[in-house]
>>> print(open('final_4.txt').read())   # compact mmCIF, C-alpha atoms
# COMPACT_ATOMS: atom_id res chain seq x y z
CA PRO A 227 62.70 -11.25 -65.82
CA ALA A 228 62.07 -7.60 -64.89
CA VAL A 229 61.36 -8.51 -61.26
CA ARG A 230 64.42 -10.76 -61.10
CA LEU A 231 66.62 -8.07 -62.65
CA HIS A 232 65.38 -5.47 -60.17
CA ALA A 233 65.79 -7.84 -57.22
CA TYR A 234 69.25 -8.88 -58.36
CA LEU A 235 70.41 -5.27 -58.66
CA ARG A 236 68.95 -4.35 -55.26
CA THR A 237 70.54 -7.32 -53.56
CA ASP A 238 73.93 -7.16 -55.25
CA VAL A 239 74.44 -3.40 -54.87
CA ALA A 240 73.34 -3.45 -51.22
CA ALA A 241 75.62 -6.42 -50.48
CA ILE A 242 78.61 -4.69 -52.06
CA LEU A 243 77.90 -1.52 -50.10
CA ARG A 244 77.77 -3.50 -46.83
CA LEU A 245 81.10 -5.30 -47.25
CA PRO A 246 83.45 -4.47 -44.36
CA TYR A 247 86.46 -3.90 -46.63
CA ASP A 248 87.41 -1.64 -49.52
CA VAL A 249 86.25 -3.31 -52.75
CA ARG A 250 87.45 -0.69 -55.23
CA GLY A 251 90.44 -2.81 -56.26
CA LEU A 252 88.30 -5.87 -56.95
CA TYR A 253 86.37 -4.09 -59.69
CA ASN A 254 89.45 -3.16 -61.69
CA ASP A 255 90.00 -5.15 -64.90
CA ASP A 256 93.79 -5.13 -64.46
CA VAL A 257 93.52 -6.48 -60.92
CA LEU A 258 91.16 -9.24 -62.01
CA GLU A 259 93.82 -10.50 -64.42
CA LEU A 260 96.04 -11.48 -61.47
CA PRO A 261 96.33 -15.27 -61.02
CA ASP A 262 95.14 -15.03 -57.39
CA LEU A 263 91.84 -13.52 -58.55
CA THR A 264 91.00 -15.97 -61.32
CA ASP A 265 87.93 -17.24 -59.46
CA GLN A 266 86.64 -13.70 -58.91
CA ALA A 267 87.18 -12.84 -62.59
CA THR A 268 85.34 -16.00 -63.64
CA ARG A 269 82.41 -15.21 -61.35
CA ARG A 270 82.24 -11.68 -62.72
CA ARG A 271 82.12 -12.96 -66.30
CA GLN A 272 79.40 -15.43 -65.33
CA MET A 273 77.34 -12.72 -63.64
CA HIS A 274 77.67 -10.50 -66.71
CA GLN A 275 76.54 -13.37 -68.96
CA LEU A 276 73.61 -14.21 -66.69
CA THR A 277 72.53 -10.58 -66.47
CA THR A 278 72.68 -10.28 -70.26
CA THR A 279 70.59 -13.45 -70.56
CA LEU A 280 68.05 -12.08 -68.08
CA VAL A 281 67.76 -8.86 -70.10
CA LYS A 282 67.31 -10.89 -73.30
CA GLN A 283 64.51 -12.87 -71.62
CA GLY A 284 62.82 -9.63 -70.60
CA ILE A 285 63.05 -8.34 -74.16
CA ALA A 286 61.73 -11.62 -75.59
CA ASN A 287 58.69 -11.65 -73.33
CA GLY A 288 57.96 -7.95 -73.92
CA GLU A 289 58.70 -6.69 -70.40
CA LEU A 290 61.77 -4.76 -71.53
CA ILE A 291 62.27 -2.55 -74.56
CA ALA A 292 64.18 -3.85 -77.56
CA VAL A 293 67.70 -2.72 -76.74
CA GLU A 294 71.04 -4.46 -76.98
CA ALA A 295 71.31 -6.64 -73.89
CA ASP A 296 75.08 -6.17 -73.81
CA PHE A 297 74.56 -2.40 -73.70
CA VAL A 298 72.32 -2.79 -70.65
CA GLN A 299 74.92 -5.02 -69.01
CA HIS A 300 77.65 -2.43 -69.65
CA ALA A 301 75.41 0.32 -68.25
CA ILE A 302 74.83 -1.76 -65.11
CA THR A 303 78.57 -2.27 -64.76
CA GLY A 304 79.11 1.49 -65.09
CA LEU A 305 76.55 2.17 -62.37
CA LEU A 306 78.13 -0.45 -60.13
CA LEU A 307 81.60 1.05 -60.61
CA GLU A 308 80.23 4.47 -59.68
CA VAL A 309 78.58 3.05 -56.55
CA VAL A 310 81.85 1.36 -55.57
CA ARG A 311 83.78 4.58 -56.20
CA GLU A 312 81.44 6.76 -54.17
CA ARG A 313 81.35 4.16 -51.37
CA GLY A 314 85.09 4.48 -50.89
CA ALA A 315 86.87 2.48 -48.23
CA ALA A 316 84.05 2.34 -45.68
CA PRO A 317 80.79 0.37 -45.75
CA SER A 318 77.74 2.44 -46.59
CA PRO A 319 75.51 3.43 -43.66
CA ALA A 320 72.39 3.13 -45.86
CA PRO A 321 73.04 0.59 -48.64
CA GLU A 322 69.37 -0.15 -49.36
CA LYS A 323 68.65 3.40 -50.51
CA ARG A 324 71.40 3.48 -53.15
CA ALA A 325 70.65 -0.10 -54.20
CA LEU A 326 67.01 0.78 -54.82
CA GLU A 327 68.05 3.89 -56.77
CA VAL A 328 70.27 1.80 -59.07
CA ALA A 329 67.63 -0.90 -59.60
CA ASP A 330 64.91 1.68 -60.26
CA PHE A 331 67.14 3.61 -62.67
CA VAL A 332 67.91 0.53 -64.76
CA LEU A 333 64.28 -0.59 -64.86
CA ARG A 334 62.93 2.88 -65.68
CA ALA A 335 65.35 2.95 -68.63
CA THR A 336 64.41 -0.50 -69.92
CA LEU A 337 60.79 -1.25 -69.00
CA ALA A 338 58.43 -1.47 -71.95
CA VAL A 339 55.65 -0.19 -69.66
CA PRO A 340 57.26 2.18 -67.13
CA ALA A 341 54.00 2.36 -65.15
CA ARG A 342 54.75 -1.22 -63.99
CA LEU A 343 57.70 -0.06 -61.87
CA PRO A 344 55.76 0.13 -58.56
CA ASP A 345 54.50 -3.44 -59.01
CA ILE A 346 57.99 -4.64 -59.93
CA GLN A 347 59.44 -2.88 -56.87
CA GLN A 348 56.92 -4.64 -54.63
CA GLU A 349 57.59 -8.10 -56.07
CA SER A 350 61.32 -7.43 -56.08
CA MET A 351 61.31 -6.60 -52.38
CA GLY A 352 60.10 -10.08 -51.49
CA LEU A 353 62.50 -11.81 -53.84
CA SER A 354 65.56 -9.80 -52.78
CA GLY A 355 64.60 -10.34 -49.14
CA ARG A 356 64.73 -14.11 -49.64
CA TRP A 357 68.09 -13.85 -51.40
CA THR A 358 69.52 -11.62 -48.66
CA ALA A 359 68.43 -14.11 -46.03
CA GLN A 360 70.34 -16.84 -47.88
CA THR A 361 73.65 -14.98 -48.14
CA ALA A 362 75.34 -11.81 -46.95
CA ALA A 363 77.64 -11.73 -49.99
CA PRO A 364 76.79 -10.68 -53.54
CA LEU A 365 74.76 -13.22 -55.43
CA SER A 366 76.30 -16.28 -56.94
CA PRO A 367 75.69 -17.07 -60.60
CA GLY A 368 73.29 -19.87 -59.71
CA VAL A 369 70.76 -17.50 -58.10
CA LEU A 370 69.70 -15.53 -61.19
>>> encode(input="final_4.txt", output="structure tokens")
Amino acid sequence: PAVRLHAYLRTDVAAILRLPYDVRGLYNDDVLELPDLTDQATRRRQMHQLTTTLVKQGIANGELIAVEADFVQHAITGLLLEVVRERGAAPSPAPEKRALEVADFVLRATLAVPARLPDIQQESMGLSGRWTAQTAAPLSPGVL
């Protein structure tokens, strides 16, 4: 679960930073209540649920510290909103750097054995590379 969480964060954040249009409006709760964005709101809820489940799996198998999985999900959402805000209207020229920073930050905060981070980064690189090759958009709920 720790490798999948890291890879997911790297892939999703980098994909969002690469999008050729301004995504700030799509991450607004009020906007996602619009009927035209029902599918997007549903996908976001699914991704939050899947991320929470992934964190719970990591806690259950001892990879992650015992912390409320919902808290971790909310922290990830906060980081994502900050990345979207700082990105602004233009795609990022170096999305991989910020994506790695976000993934590393979350794992450093939650890993039961922080010394495992370099190994997780290495495994994550291969996994996120396969996901990126499959799609240029943020991950779908079925990938986690």
>>> residues_around(input="final_4.txt", residues="stretch 311-317 of chain A", least_positions_apart="3", cutoff="9 Å", atoms="only C-alpha atoms", output="list in words")
Ile242, Leu243, Arg244, Leu245, Pro246, Tyr247, Asp248, Val249, Arg250, Leu306, Leu307, Glu308, Ala320 and Pro321 of chain A
>>> atom_distance(input="final_4.txt", atom1="atom CA of A:Gln266", atom2="atom CA of A:Ile285")
28.6 Å
>>> atom_distance(input="final_4.txt", atom1="atom CA of A:Val328", atom2="atom CA of A:Thr277")
14.6 Å
>>> axis_aligned_box(input="final_4.txt", around="stretch 344-348 of chain A", padding_each_side="8 Å", output="AutoDock Vina command-line options")
--center_x 57.0 --center_y -2.3 --center_z -57.3 --size_x 20.9 --size_y 20.8 --size_z 21.3
>>> residues_around(input="final_4.txt", residues="A:Pro340", least_positions_apart="5", cutoff="10 Å", atoms="only C-alpha atoms", output="PyMOL selection string")
chain A and resi 289-290+333-335+346
>>> atom_distance(input="final_4.txt", atom1="atom CA of A:Leu326", atom2="atom CA of A:Val293")
22.2 Å
>>> closest_residue(input="final_4.txt", among="A:Asp296, A:Ala286, A:Lys323, A:Gly352", to="A:Val309", atoms="only C-alpha atoms")
A:Lys323
>>> residues_around(input="final_4.txt", residues="A:Asn287", least_positions_apart="4", cutoff="9 Å", atoms="all atoms listed in the file", output="list of chain:residue names")
A:Pro227, A:Lys282, A:Gln283
>>> closest_residue(input="final_4.txt", among="A:Glu259, A:Asp345, A:Asp330, A:Glu294", to="A:Thr278", atoms="only C-alpha atoms")
A:Glu294
>>> closest_residue(input="final_4.txt", among="A:Val332, A:Leu280, A:Ala338, A:Ala233", to="A:Gly304", atoms="all atoms listed in the file")
A:Val332
